[in-house]
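Here the structure comes first, spelled out in structure tokens, and everything after it is commentary.
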Amino acid sequence: MTQREGSLEAPIRHPIDWKNPEYYDEASAEKELDRIFNICHGCRRCVSLCNAFPTLFDLIDESKTGEIDGVAKTDFGKVVDQCYLCDLCYMTKCPYVPPHPWNVDFPHLMLRAKAQKFKRGETRFRDRLLTSTDRLGKLATIPVVVQAVNKANRTPTARKAMDRMLGVHRDRRLPPYATRRFDRLAPDSKDWPVRNGERTPGKVAIFSTCYVNYNEPGIGLDLIAILEHNEIPYTIVEKEVCCGMPKLELGDFDAVEKLKAVNMSRLSAMARDGYAILTAVPSCTLMFKSELPLLFAGDADTRAVSEAMFDPFEYLVLRDRDGLLKREFKTGLGKVSYHIPCHSRVQNVGQKTREVLEWVPQTTVTTVERCSGHDGTWGVKSEFYQASMKIGRPVFRQMGENDPDYVSSDCPIAGTAILEGIEQAQQATRAQKLHPLTLVRIAYGLPGTIEDAR
């Protein structure tokens, strides 16, 4: 029996018809929820992926009929709320995805339900606030304000108040805001001559992302250091705004469209000029590679940017295959526990980060392929925090085993959640939490940049 016994063909994704009024028809959506939930009930292959499927199956099993017809339609929202659109069920488990005639796309059905909820005005203020990453970042990184925000995020009394009034769980470790933003630290560009034999794009445009810009600019500076060391020309995308992934997860398509319009005016010109566009956060890469093309099918600018978008390690591996990447590493990394996040896995580019880390001598990489449970803003929320930690528990245990020197994930907030989980489990660890790009910079023996960014 194959993994996809329902269909032997590669999965395909249909465009999201979000501008069609029928997309927001509640009766139509409810009928489709009923249909797909019934298929999932008969299969149950995805039960271990997240909390959406156990919630669905519990509702069915505890109903009077033991079937989907025994579940109140008003309870369907409980399943929708547990889905954080990681896409793993679609890309790795479900045998009934298109082109199978049953046409099951569980994540995009959840997205439709979330969009209807947003349209009805039922989305909480907290959720709209947490997904406004640019607005929060610009406010929180104002001089003086940044110290106050970071102190509040570490103070138990303030966190209890945030939990009670805002619904941000008091125990969730929040990433600090940077005192100096990436867009104010990074040089505008660096030029090198194009070398003979280049087949991969020979120049890079860095889309910094909200997280790197406002929280960990050192990650972006480490990417720059690696590009400079390998004599790869680069430039920084100016006046970028959020990629739109947080608003997509909220079902706020209008906000996504506004953000897309700002970004595409710059990124599409760079794509057509031959730049490889890199982001250091997998969710942002995925947004430009896959989600925006499905939301704006037929848009030439969106397609051009999608084709030019690379995960940083995907790009480095391609440069190495062209014989254009330096392999002279000076510092071994010891034991690295590496977590590949959901939004990296569903890009279908393979484990390129692990591949690069394994180039480094005196380095052993242990890879964990499970969800960390943080999942954007979902694991921050008070009502989902315990479920988030439960989902991440196997990852915390595996990442903390064998006394690693480093705990690392392409998703920086997943890395923080993993270290938090290891410490909560009272696993003794001396491991540092560092991004894979930082590890490569260390391996090259390049000067540190993180302290300069704080």
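Ordering of the structure tokens sets the chain letters (A, B, ...); residue numbers start at 1 within each chain; ligands are numbered from 1 in the order shown.
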
* For Gly392 in chain A, please output as a PyMOL selection string all residues within 6 Å (counting only C-alpha atoms; exclusion window: fewer than 3 positions along the same chain). => chain A and resi 372-373+389+395

Kindly assemble as JSON lines a list of the range 299-405 of chain A residues that lie within 12 Å of range 249-253 of chain A, each paired with its nearest atom pair and their distance in Å to one decimal, using only C-alpha atoms, sorted first by chain and then by ascending residue number.
```
{"residue": "A:Asp375", "atom": "CA", "partner": "A:Glu249", "partner_atom": "CA", "distance": 10.2}
{"residue": "A:Gly376", "atom": "CA", "partner": "A:Glu249", "partner_atom": "CA", "distance": 8.9}
{"residue": "A:Thr377", "atom": "CA", "partner": "A:Glu249", "partner_atom": "CA", "distance": 9.2}
{"residue": "A:Trp378", "atom": "CA", "partner": "A:Glu249", "partner_atom": "CA", "distance": 9.4}
```

Grab the residues selected above and save them as a short mmCIF file (atom, residue, chain, number, x, y, z; two decimals), in the first residue's frame with N, CA and C atoms.
```
data_model
loop_
_atom_site.label_atom_id
_atom_site.label_comp_id
_atom_site.auth_asym_id
_atom_site.auth_seq_id
_atom_site.Cartn_x
_atom_site.Cartn_y
_atom_site.Cartn_z
N ASP A 375 3.56 27.43 15.77
CA ASP A 375 2.71 27.72 14.62
C ASP A 375 2.21 29.16 14.56
N GLY A 376 3.15 30.08 14.31
CA GLY A 376 2.78 31.48 14.18
C GLY A 376 2.24 32.04 15.48
N THR A 377 1.08 32.65 15.41
CA THR A 377 0.49 33.25 16.61
C THR A 377 -0.38 32.25 17.37
N TRP A 378 -0.66 31.08 16.79
CA TRP A 378 -1.60 30.13 17.39
C TRP A 378 -1.15 29.70 18.78
#
```

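Minimum atom-to-atom distances from A:Glu216, A:Asp58, A:Asp301, A:Asp222 to Gly448 in chain A were compared using only C-alpha atoms, and the lowest value belongs to A:Asp222.
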
* Asked: DSSP says strand (DSSP E or B) for which residues of range 130-328 of chain A? Put them as a PyMOL selection string?
  -> chain A and resi 168+189-190+203-206+234-236+275-278+309-310

How would the residues just chosen look if you wrote them out with N, CA and C atoms as a CSV table (one decimal), in the first residue's frame?
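Final output, result-v1.csv:
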```csv
chain,number,residue,atom,x,y,z
A,168,VAL,N,-3.0,36.5,25.7
A,168,VAL,CA,-1.6,35.9,25.4
A,168,VAL,C,-1.1,35.2,26.6
A,189,SER,N,23.8,47.3,-0.3
A,189,SER,CA,24.1,46.3,-1.3
A,189,SER,C,25.6,46.0,-1.3
A,190,LYS,N,26.0,44.9,-2.0
A,190,LYS,CA,27.4,44.6,-2.1
A,190,LYS,C,27.5,44.0,-3.5
A,203,LYS,N,22.8,36.8,-8.3
A,203,LYS,CA,22.7,37.9,-7.4
A,203,LYS,C,21.4,37.7,-6.6
A,204,VAL,N,21.5,38.3,-5.4
A,204,VAL,CA,20.4,38.0,-4.4
A,204,VAL,C,19.7,39.3,-3.9
A,205,ALA,N,18.4,39.3,-3.8
A,205,ALA,CA,17.7,40.3,-3.1
A,205,ALA,C,17.2,39.7,-1.8
A,206,ILE,N,17.5,40.4,-0.7
A,206,ILE,CA,17.1,39.9,0.6
A,206,ILE,C,15.8,40.6,1.1
A,234,TYR,N,24.5,41.2,-3.5
A,234,TYR,CA,23.2,41.2,-2.9
A,234,TYR,C,22.7,42.6,-2.8
A,235,THR,N,21.4,42.8,-2.6
A,235,THR,CA,20.8,44.0,-2.2
A,235,THR,C,19.7,43.8,-1.2
A,236,ILE,N,19.3,44.8,-0.5
A,236,ILE,CA,18.2,44.6,0.5
A,236,ILE,C,16.9,45.2,-0.1
A,275,TYR,N,17.3,38.5,-10.1
A,275,TYR,CA,17.7,38.3,-8.7
A,275,TYR,C,17.0,37.0,-8.2
A,276,ALA,N,17.8,36.3,-7.4
A,276,ALA,CA,17.1,35.3,-6.5
A,276,ALA,C,16.7,36.0,-5.2
A,277,ILE,N,15.4,35.8,-4.9
A,277,ILE,CA,14.9,36.5,-3.7
A,277,ILE,C,14.9,35.5,-2.5
A,278,LEU,N,15.6,35.9,-1.4
A,278,LEU,CA,15.7,35.0,-0.3
A,278,LEU,C,15.0,35.7,0.9
A,309,MET,N,11.8,33.1,-5.9
A,309,MET,CA,11.9,32.9,-4.5
A,309,MET,C,12.6,31.7,-4.1
A,310,PHE,N,13.6,31.8,-3.2
A,310,PHE,CA,14.3,30.6,-2.7
A,310,PHE,C,14.4,30.6,-1.2
```

* Determine which residues of range 267-454 of chain A DSSP labels as helix (DSSP H, G or I) from the backbone of this structure, then write them out as JSON, numbers by chain. => {"A": [267, 268, 269, 270, 271, 272, 282, 283, 284, 285, 286, 287, 288, 289, 290, 291, 292, 293, 294, 295, 300, 301, 302, 303, 304, 305, 306, 307, 308, 312, 313, 314, 315, 316, 317, 318, 319, 320, 321, 342, 343, 344, 345, 352, 353, 354, 355, 356, 357, 378, 379, 380, 385, 386, 387, 388, 389, 390, 391, 392, 393, 394, 395, 396, 397, 398, 399, 400, 412, 413, 414, 415, 416, 417, 418, 419, 420, 421, 422, 423, 424, 436, 437, 438, 439, 440, 441, 442, 443, 444, 451, 452, 453]}

* Asked: What separation in Å, quoted to one decimal, exists between CA of Val346 in chain A and CA of Val104 in chain A?
  -> 16.7 Å

* Mind checking which residues fall within 7 Å of Ser408 in chain A, counting only C-alpha atoms, ignoring those fewer than 5 positions away in the same chain, and posting them as a PyMOL selection string? => chain A and resi 337-339+415+433-436

Residues from the last selection, C-alpha atoms, saved as a compact mmCIF listing (two decimals), in the first residue's frame:
```txt
# COMPACT_ATOMS: atom_id res chain seq x y z
CA SER A 337 19.73 19.12 17.00
CA TYR A 338 18.04 20.48 13.90
CA HIS A 339 14.26 20.94 13.56
CA GLY A 415 13.47 27.32 17.98
CA LYS A 433 19.42 28.18 20.44
CA LEU A 434 20.87 29.52 17.18
CA HIS A 435 19.45 29.84 13.68
CA PRO A 436 21.04 27.59 11.00
```

* Give me, please, the distance in Å between CA of Pro447 in chain A and CA of Val241 in chain A, quoted to one decimal. => 29.4 Å

Skipping near chain neighbours, those fewer than 3 positions away, what residues fall within 6 Å of Tyr444 in chain A using only C-alpha atoms, listed as a compact mmCIF listing (two decimals) with C-alpha atoms, in the first residue's frame?
```
# COMPACT_ATOMS: atom_id res chain seq x y z
CA PHE A 329 34.87 25.63 7.07
CA LYS A 330 37.10 26.54 10.00
CA ARG A 441 28.49 31.82 9.77
```

* Quick one: everything within 9 Å of Asn150 in chain A, counting only C-alpha atoms, minus sequence neighbours fewer than 6 positions away in the same chain. Send it as a PyMOL selection string. => chain A and resi 140+174-177

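Closest approach to His169 in chain A from the set A:Ile16, A:Met110, A:Val380, A:Val336 is made by A:Val380, with distances taken over only C-alpha atoms.
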
* range 59-76 of chain A surroundings by only C-alpha atoms, 8 Å radius, close-in-sequence under 5 positions cut, as a list in words -> Glu30, Leu33, Asp34, Phe37, Asn38 and His41 of chain A

Next, write the just-selected residues to a file, as a compact mmCIF listing (two decimals), in the first residue's frame, keeping C-alpha atoms as the atom set.
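Okay, result_7.txt is ready:
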```txt
# COMPACT_ATOMS: atom_id res chain seq x y z
CA GLU A 30 -21.12 24.03 5.74
CA LEU A 33 -17.23 20.89 5.75
CA ASP A 34 -19.70 18.06 6.30
CA PHE A 37 -15.13 15.84 7.66
CA ASN A 38 -16.95 12.61 6.79
CA HIS A 41 -13.66 10.36 9.75
```

* Find the residues near Asp320 in chain A: any atom within 12 Å, counting only C-alpha atoms, skip ones fewer than 2 places away on the same chain, and give them as a VMD selection string. => chain A and resid 197 to 200 230 313 to 318 322 to 327 352 355 to 356 359

Keeping only N, CA and C atoms, take the residues you just selected and write them out as an mmCIF file, in the first residue's frame.
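That gives us selection09.cif:
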```
data_model
loop_
_atom_site.group_PDB
_atom_site.id
_atom_site.type_symbol
_atom_site.label_atom_id
_atom_site.label_comp_id
_atom_site.auth_asym_id
_atom_site.auth_seq_id
_atom_site.Cartn_x
_atom_site.Cartn_y
_atom_site.Cartn_z
ATOM 1 N N GLY A 197 30.320 30.390 -15.381
ATOM 2 C CA GLY A 197 29.721 29.122 -14.995
ATOM 3 C C GLY A 197 28.497 29.257 -14.112
ATOM 4 N N GLU A 198 28.044 30.484 -13.840
ATOM 5 C CA GLU A 198 26.876 30.648 -12.984
ATOM 6 C C GLU A 198 25.613 30.187 -13.708
ATOM 7 N N ARG A 199 24.922 29.250 -13.080
ATOM 8 C CA ARG A 199 23.628 28.795 -13.605
ATOM 9 C C ARG A 199 22.501 29.195 -12.658
ATOM 10 N N THR A 200 22.772 29.164 -11.357
ATOM 11 C CA THR A 200 21.813 29.714 -10.403
ATOM 12 C C THR A 200 21.855 31.231 -10.522
ATOM 13 N N ASN A 230 30.994 34.299 0.170
ATOM 14 C CA ASN A 230 30.945 33.553 -1.086
ATOM 15 C C ASN A 230 30.902 34.448 -2.314
ATOM 16 N N PHE A 313 18.897 28.083 2.164
ATOM 17 C CA PHE A 313 19.707 26.878 2.050
ATOM 18 C C PHE A 313 19.454 26.163 0.727
ATOM 19 N N GLU A 314 18.263 26.277 0.203
ATOM 20 C CA GLU A 314 18.003 25.793 -1.155
ATOM 21 C C GLU A 314 18.930 26.505 -2.128
ATOM 22 N N TYR A 315 19.056 27.809 -1.971
ATOM 23 C CA TYR A 315 19.925 28.601 -2.847
ATOM 24 C C TYR A 315 21.389 28.211 -2.678
ATOM 25 N N LEU A 316 21.851 28.034 -1.432
ATOM 26 C CA LEU A 316 23.249 27.691 -1.197
ATOM 27 C C LEU A 316 23.598 26.335 -1.801
ATOM 28 N N VAL A 317 22.691 25.376 -1.698
ATOM 29 C CA VAL A 317 22.941 24.054 -2.286
ATOM 30 C C VAL A 317 23.047 24.160 -3.804
ATOM 31 N N LEU A 318 22.188 24.947 -4.430
ATOM 32 C CA LEU A 318 22.255 25.128 -5.879
ATOM 33 C C LEU A 318 23.563 25.797 -6.289
ATOM 34 N N ASP A 322 26.764 24.205 -8.634
ATOM 35 C CA ASP A 322 27.401 24.912 -9.742
ATOM 36 C C ASP A 322 28.889 25.146 -9.492
ATOM 37 N N GLY A 323 29.386 24.639 -8.348
ATOM 38 C CA GLY A 323 30.800 24.804 -8.038
ATOM 39 C C GLY A 323 31.181 26.207 -7.629
ATOM 40 N N LEU A 324 30.228 26.950 -7.089
ATOM 41 C CA LEU A 324 30.458 28.366 -6.802
ATOM 42 C C LEU A 324 30.325 28.705 -5.320
ATOM 43 N N LEU A 325 30.336 27.682 -4.460
ATOM 44 C CA LEU A 325 30.220 27.935 -3.027
ATOM 45 C C LEU A 325 31.485 27.446 -2.326
ATOM 46 N N LYS A 326 31.947 28.228 -1.381
ATOM 47 C CA LYS A 326 33.163 27.872 -0.654
ATOM 48 C C LYS A 326 32.843 26.835 0.414
ATOM 49 N N ARG A 327 33.687 25.809 0.490
ATOM 50 C CA ARG A 327 33.468 24.713 1.435
ATOM 51 C C ARG A 327 34.552 24.676 2.515
ATOM 52 N N LYS A 352 17.445 20.787 2.709
ATOM 53 C CA LYS A 352 18.643 21.506 2.263
ATOM 54 C C LYS A 352 19.441 22.072 3.439
ATOM 55 N N GLU A 355 21.523 19.342 4.814
ATOM 56 C CA GLU A 355 22.591 19.038 3.868
ATOM 57 C C GLU A 355 23.768 19.992 4.035
ATOM 58 N N VAL A 356 23.483 21.283 4.159
ATOM 59 C CA VAL A 356 24.558 22.273 4.318
ATOM 60 C C VAL A 356 25.267 22.083 5.658
ATOM 61 N N TRP A 359 27.881 19.482 5.744
ATOM 62 C CA TRP A 359 29.157 19.751 5.072
ATOM 63 C C TRP A 359 30.254 20.105 6.076
#
```

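CA of Cys342 in chain A is found 14.3 Å from CA of Cys46 in chain A.
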